$ cat upload21.txt   # compact mmCIF, C-alpha atoms
# COMPACT_ATOMS: atom_id res chain seq x y z
CA MET A 928 -48.24 21.21 -59.03
CA LYS A 929 -48.19 18.50 -56.37
CA ASN A 930 -47.96 14.86 -57.35
CA PRO A 931 -49.96 12.87 -54.75
CA SER A 932 -48.62 9.47 -55.78
CA GLY A 933 -45.05 10.81 -55.71
CA GLU A 934 -45.61 12.26 -52.25
CA LEU A 935 -47.11 8.99 -51.06
CA LYS A 936 -44.14 7.05 -52.42
CA ALA A 937 -41.73 9.47 -50.73
CA ARG A 938 -43.60 9.13 -47.44
CA GLN A 939 -43.59 5.33 -47.71
CA ASP A 940 -39.85 5.41 -48.40
CA VAL A 941 -39.27 7.44 -45.22
CA ILE A 942 -41.38 4.99 -43.20
CA GLY A 943 -39.56 2.04 -44.79
CA ALA A 944 -36.20 3.55 -43.88
CA GLY A 945 -37.46 4.12 -40.33
CA LEU A 946 -38.54 0.48 -39.98
CA LYS A 947 -35.15 -0.64 -41.25
CA ARG A 948 -33.40 1.56 -38.69
CA ILE A 949 -35.52 0.19 -35.84
CA PHE A 950 -34.72 -3.37 -36.93
CA ASP A 951 -31.02 -2.68 -37.53
CA GLU A 952 -30.55 -0.98 -34.17
CA ILE A 953 -31.82 -4.10 -32.40
CA VAL A 954 -29.61 -6.29 -34.62
CA GLU A 955 -26.60 -4.23 -33.53
CA GLU A 956 -27.27 -4.72 -29.81
CA PRO A 957 -24.82 -7.08 -28.11
CA VAL A 958 -26.28 -10.57 -27.69
CA PRO A 959 -26.92 -11.29 -23.99
CA PRO A 960 -24.70 -14.09 -22.59
CA GLU A 961 -27.81 -16.18 -21.74
CA PHE A 962 -28.13 -17.07 -25.40
CA LEU A 963 -24.74 -18.72 -25.67
CA GLU A 964 -25.21 -20.30 -22.25
CA LEU A 965 -28.43 -21.84 -23.55
CA LEU A 966 -26.63 -23.40 -26.50
CA ASP A 967 -23.88 -24.69 -24.18
CA ARG A 968 -26.54 -26.25 -21.94
CA ILE A 969 -28.13 -27.94 -24.95
CA ASP A 970 -24.72 -29.23 -26.04
CA ARG A 971 -23.99 -30.62 -22.58
CA LYS A 972 -27.40 -32.32 -22.50
CA LYS A 973 -26.58 -33.94 -25.83
CA GLU A 974 -23.33 -35.37 -24.44
CA GLU A 975 -25.04 -36.83 -21.35
CA MET B 1215 -11.87 -37.03 -35.44
CA ALA B 1216 -15.29 -35.42 -35.78
CA SER B 1217 -18.01 -37.49 -37.45
CA PRO B 1218 -19.98 -36.03 -40.40
CA GLN B 1219 -22.94 -35.52 -38.04
CA GLU B 1220 -20.75 -33.64 -35.54
CA ARG B 1221 -19.40 -31.46 -38.35
CA ASN B 1222 -22.96 -30.74 -39.53
CA ASP B 1223 -24.02 -29.92 -35.97
CA GLY B 1224 -21.05 -27.59 -35.59
CA ALA B 1225 -21.85 -25.78 -38.83
CA PHE B 1226 -25.52 -25.54 -37.90
CA ARG B 1227 -24.67 -24.16 -34.46
CA ALA B 1228 -22.29 -21.54 -35.86
CA GLU B 1229 -24.80 -20.40 -38.43
CA MET B 1230 -27.55 -20.24 -35.81
CA ILE B 1231 -25.37 -18.13 -33.49
CA ALA B 1232 -24.67 -15.68 -36.31
CA LEU B 1233 -28.41 -15.24 -36.83
CA ILE B 1234 -29.32 -14.58 -33.17
CA PRO B 1235 -29.27 -10.76 -33.58
CA PHE B 1236 -31.77 -10.96 -36.45
CA LEU B 1237 -34.00 -13.34 -34.51
CA ARG B 1238 -33.95 -10.96 -31.55
CA ALA B 1239 -34.96 -8.06 -33.77
CA PHE B 1240 -37.84 -9.99 -35.33
CA ALA B 1241 -38.96 -11.29 -31.93
CA ARG B 1242 -38.89 -7.76 -30.46
CA THR B 1243 -41.08 -6.38 -33.22
CA LEU B 1244 -43.55 -9.22 -32.75
CA ALA B 1245 -43.61 -9.57 -28.97
CA GLY B 1246 -42.93 -5.95 -28.10
CA HIS B 1247 -41.23 -6.41 -24.75
CA ARG B 1248 -37.53 -7.11 -24.58
CA GLU B 1249 -37.78 -9.90 -22.01
CA ASP B 1250 -40.70 -11.63 -23.75
CA ALA B 1251 -38.89 -11.33 -27.05
CA ASP B 1252 -35.68 -12.84 -25.69
CA ASP B 1253 -37.62 -15.71 -24.10
CA LEU B 1254 -39.29 -16.31 -27.45
CA CYS B 1255 -35.94 -16.25 -29.15
CA GLN B 1256 -34.44 -18.77 -26.73
CA GLU B 1257 -37.41 -21.10 -27.19
CA THR B 1258 -36.86 -20.80 -30.94
CA LEU B 1259 -33.17 -21.70 -30.66
CA ALA B 1260 -33.93 -24.71 -28.46
CA LYS B 1261 -36.62 -25.93 -30.89
CA ALA B 1262 -34.41 -25.36 -33.91
CA TRP B 1263 -31.61 -27.34 -32.30
CA GLN B 1264 -33.95 -30.21 -31.46
CA SER B 1265 -35.27 -30.23 -35.03
CA ARG B 1266 -31.94 -29.63 -36.76
CA LYS B 1267 -32.08 -32.93 -38.63
CA ALA B 1268 -35.14 -31.59 -40.48
CA TYR B 1269 -33.08 -28.68 -41.81
CA GLN B 1270 -31.06 -29.14 -44.98
CA LEU B 1271 -27.64 -27.51 -44.68
CA GLY B 1272 -27.08 -24.90 -47.34
CA THR B 1273 -30.74 -23.87 -47.59
CA ASN B 1274 -32.15 -20.69 -46.03
CA LEU B 1275 -31.56 -21.11 -42.30
CA LYS B 1276 -32.63 -17.53 -41.58
CA ALA B 1277 -36.08 -18.09 -43.11
CA TRP B 1278 -36.37 -21.46 -41.34
CA LEU B 1279 -35.56 -19.93 -37.94
CA PHE B 1280 -37.91 -16.99 -38.52
CA MET B 1281 -40.69 -19.45 -39.35
CA ILE B 1282 -40.09 -21.38 -36.11
CA LEU B 1283 -40.04 -18.14 -34.12
CA ARG B 1284 -43.24 -16.92 -35.73
CA ASN B 1285 -45.05 -20.22 -35.09
CA GLN B 1286 -43.86 -20.17 -31.48
CA PHE B 1287 -45.09 -16.59 -31.04
CA TYR B 1288 -48.61 -17.38 -32.27
CA SER B 1289 -48.69 -20.62 -30.33
CA ASP B 1290 -47.73 -18.82 -27.09
CA ARG B 1291 -50.22 -16.07 -27.81
CA ARG B 1292 -53.09 -18.48 -28.39
CA ARG B 1293 -52.19 -20.24 -25.16
CA SER B 1294 -52.08 -17.08 -23.09
CA TRP B 1295 -55.36 -15.74 -24.58
CA ARG B 1296 -54.30 -12.22 -24.03
CA GLN B 1297 -51.80 -9.62 -25.07
CA GLN B 1298 -49.78 -7.54 -22.68
CA PRO B 1299 -51.38 -4.15 -22.08
CA TRP B 1300 -49.42 -1.40 -23.71
CA HIS B 1301 -48.25 1.51 -21.58
CA ASP B 1302 -46.61 4.74 -22.60
CA SER B 1303 -43.36 3.80 -20.86
CA ASP B 1304 -43.12 0.57 -22.85
CA ALA B 1305 -42.01 2.35 -25.97
CA GLU B 1306 -38.60 2.94 -24.42
CA ASN B 1307 -38.28 -0.65 -23.17
CA ALA B 1308 -39.81 -2.39 -26.12
CA LEU B 1309 -38.00 -1.35 -29.21
CA VAL B 1310 -35.20 1.13 -29.08
CA ALA B 1311 -34.87 4.63 -27.72
CA HIS B 1312 -34.42 7.28 -30.35
CA ASP B 1313 -33.24 10.77 -29.58
CA ASN B 1314 -32.08 11.91 -32.98
CA GLN B 1315 -34.01 15.15 -33.31
CA ASP B 1316 -32.81 15.61 -36.87
CA ALA B 1317 -34.52 12.48 -38.14
CA ARG B 1318 -37.25 13.27 -40.62
CA LEU B 1319 -39.46 10.69 -39.00
CA ASP B 1320 -39.64 10.34 -35.24
CA LEU B 1321 -38.68 6.72 -34.68
CA THR B 1322 -40.33 6.64 -31.27
CA ASP B 1323 -43.63 7.54 -32.93
CA LEU B 1324 -42.95 4.93 -35.58
CA SER B 1325 -42.22 2.28 -32.91
CA ARG B 1326 -45.44 3.13 -31.13
CA ALA B 1327 -47.48 3.14 -34.34
CA LEU B 1328 -46.01 -0.24 -35.22
CA ARG B 1329 -47.22 -1.61 -31.90
CA LEU B 1330 -50.76 -0.51 -32.71
CA LEU B 1331 -50.88 -2.68 -35.83
CA SER B 1332 -51.95 -6.31 -35.72
CA ALA B 1333 -49.15 -8.86 -35.33
CA GLU B 1334 -49.84 -10.05 -38.90
CA GLN B 1335 -49.31 -6.55 -40.23
CA ARG B 1336 -46.21 -5.96 -38.11
CA GLU B 1337 -44.56 -9.17 -39.18
CA VAL B 1338 -45.01 -8.55 -42.90
CA LEU B 1339 -43.71 -5.00 -42.63
CA ILE B 1340 -40.64 -6.19 -40.78
CA LEU B 1341 -39.96 -9.27 -42.89
CA VAL B 1342 -40.18 -7.46 -46.22
CA GLY B 1343 -39.46 -3.88 -45.18
CA ALA B 1344 -36.60 -4.42 -42.77
CA GLY B 1345 -35.58 -8.08 -42.68
CA GLY B 1346 -34.61 -8.23 -46.33
CA PHE B 1347 -36.88 -11.15 -47.23
CA SER B 1348 -38.48 -11.44 -50.64
CA TYR B 1349 -42.26 -11.68 -50.95
CA GLU B 1350 -41.83 -15.40 -51.68
CA GLU B 1351 -39.72 -15.97 -48.55
CA ALA B 1352 -42.15 -13.96 -46.42
CA ALA B 1353 -45.03 -16.06 -47.78
CA ALA B 1354 -43.15 -19.25 -46.87
CA ILE B 1355 -42.34 -17.95 -43.36
CA CYS B 1356 -45.96 -16.92 -42.77
CA SER B 1357 -47.35 -20.07 -44.42
CA CYS B 1358 -49.61 -18.10 -46.72
CA ALA B 1359 -50.02 -17.30 -50.41
CA LEU B 1360 -47.87 -14.74 -52.18
CA GLY B 1361 -50.95 -12.64 -52.95
CA THR B 1362 -51.89 -12.62 -49.27
CA ILE B 1363 -48.47 -11.26 -48.36
CA LYS B 1364 -48.71 -8.51 -50.97
CA SER B 1365 -52.19 -7.41 -49.93
CA ARG B 1366 -51.32 -7.65 -46.23
CA LEU B 1367 -48.24 -5.51 -46.83
CA ALA B 1368 -50.24 -2.87 -48.71
CA ARG B 1369 -52.82 -2.72 -45.92
CA ALA B 1370 -50.11 -2.60 -43.25
CA ARG B 1371 -48.32 0.27 -44.99
CA GLY B 1372 -51.58 2.18 -45.30
CA ALA B 1373 -52.53 1.57 -41.68
CA LEU B 1374 -49.09 2.62 -40.44
CA GLN B 1375 -49.20 5.78 -42.50
CA ASP B 1376 -52.70 6.60 -41.21
CA LEU B 1377 -51.50 6.22 -37.63
CA LEU B 1378 -48.51 8.47 -38.24
CA ASP B 1379 -50.62 11.06 -40.03
CA LYS B 1380 -53.13 11.42 -37.20
CA PRO B 1381 -51.52 13.74 -34.65
CA ALA B 1382 -54.75 13.78 -32.62
CA THR B 1383 -54.38 10.07 -31.87
CA PRO B 1384 -52.26 9.68 -28.75
CA LEU B 1385 -49.79 7.14 -30.04
CA GLY B 1386 -48.61 4.78 -27.39
CA ARG B 1387 -52.01 4.57 -25.76
CA ARG B 1388 -54.62 2.06 -26.60
CA GLU B 1389 -58.20 3.13 -26.79
CA ASP B 1390 -59.92 2.89 -23.44
CA ARG B 1391 -62.06 0.02 -24.63
CA GLY B 1392 -58.97 -1.99 -25.59
CA ASP B 1393 -57.39 -1.40 -22.20
CA ALA B 1394 -60.55 -2.48 -20.41
CA VAL B 1395 -60.74 -5.71 -22.41
CA ASP B 1396 -57.09 -6.43 -21.68
CA GLU B 1397 -57.60 -5.81 -17.98
CA ILE B 1398 -60.58 -8.19 -17.87
CA LEU B 1399 -58.71 -10.87 -19.82
CA GLY B 1400 -55.66 -10.37 -17.64
CA GLU B 1401 -57.77 -10.73 -14.51
CA LEU B 1402 -59.41 -13.91 -15.85
CA ASP B 1403 -55.99 -15.27 -16.65
CA ARG B 1404 -54.76 -14.59 -13.12
CA LEU B 1405 -57.87 -16.19 -11.58
CA SER B 1406 -57.98 -19.26 -13.81
CA PRO B 1407 -56.54 -22.52 -12.46
CA LYS B 1408 -53.02 -23.25 -13.70
CA CYS B 1409 -54.18 -26.35 -15.54
CA LEU B 1410 -56.32 -24.18 -17.81
CA ARG B 1411 -53.41 -21.93 -18.62
CA ALA B 1412 -51.03 -24.71 -19.65

$ encode --input "upload21.txt" --output "structure tokens"
Amino acid sequence: MKNPSGELKARQDVIGAGLKRIFDEIVEEPVPPEFLELLDRIDRKKEE
Amino acid sequence: MASPQERNDGAFRAEMIALIPFLRAFARTLAGHREDADDLCQETLAKAWQSRKAYQLGTNLKAWLFMILRNQFYSDRRRSWRQQPWHDSDAENALVAHDNQDARLDLTDLSRALRLLSAEQREVLILVGAGGFSYEEAAAICSCALGTIKSRLARARGALQDLLDKPATPLGRREDRGDAVDEILGELDRLSPKCLRA
């Protein structure tokens, strides 16, 4: 016999794992150099 | 020899750099488009640096940065008065391309379904479901009550599941009415004087 709440939980777990993968794959992308350049620019501005 | 302030600034900077990938991921799920998300992220970093004296070293910098990013996102969105229209091809540019045919859940469908949720629903799903934040931290980031986060999360999960369970709904396309509204708002935005857009 099917357990609807168990199936729902299983489905939610799959969706949760999918969301985590989407997030993690972006986290693993290399950071574009513009980001560090921005921080360097801010640092230089501070020194001026 | 470095002053205590310089040492604090150095530690703050290093910690902020380490968190850039997480900020980019959160920004991408909120803003959708890679370029918009990276602009949002850079604005966040600049603001965080300017306000660094308000941050207490040793507390939760990740939550603090996420809160700044979120506030910036909603502030930009209110100012622009419109959202970018969503096109089928954006799924590949916006989040990440997925070609793993063995996955039990098609992540491209999931990415598209996520984009159809409201920003409030997306953010809570990502903060709690993927970002590793507790309900309490998510409530602090979103400046709302714990109960609001829990109910918003339950509704977001239900809405996402409904979207994924409806094969007849062409995911990745907005309803015609939504597209028409976006086009009109976009046109008004283009025609309005710059001073009204600032």

$ interface_residues --input "upload21.txt" --of "chain A" --to "chain B" --cutoff "6 Å" --atoms "only C-alpha atoms" --output "mmCIF file with C-alpha atoms, keeping the file's coordinate frame"
data_model
loop_
_atom_site.group_PDB
_atom_site.id
_atom_site.type_symbol
_atom_site.label_atom_id
_atom_site.label_comp_id
_atom_site.auth_asym_id
_atom_site.auth_seq_id
_atom_site.Cartn_x
_atom_site.Cartn_y
_atom_site.Cartn_z
ATOM 1 C CA GLY A 943 -39.560 2.040 -44.790
ATOM 2 C CA LEU A 946 -38.540 0.480 -39.980
ATOM 3 C CA LYS A 947 -35.150 -0.640 -41.250
ATOM 4 C CA PHE A 950 -34.720 -3.370 -36.930
ATOM 5 C CA ILE A 953 -31.820 -4.100 -32.400
ATOM 6 C CA VAL A 954 -29.610 -6.290 -34.620
#

$ closest_residue --input "upload21.txt" --among "B:Asn1222, B:Gln1335, B:Ser1357, B:Ser1217" --to "B:Lys1267" --atoms "all atoms listed in the file"
B:Asn1222

$ atom_distance --input "upload21.txt" --atom1 "atom CA of B:Glu1220" --atom2 "atom CA of B:Ala1232"
18.4 Å

$ atom_distance --input "upload21.txt" --atom1 "atom CA of B:Arg1336" --atom2 "atom CA of A:Leu935"
19.8 Å

$ atom_distance --input "upload21.txt" --atom1 "atom CA of B:Glu1249" --atom2 "atom CA of B:Ala1225"
28.1 Å

$ axis_aligned_box --input "upload21.txt" --around "stretch 940-949 of chain A" --padding-each-side "6 Å" --output "lines of an AutoDock Vina configuration file"
center_x = -37.4
center_y = 3.4
center_z = -42.1
size_x = 20.0
size_y = 20.1
size_z = 24.6
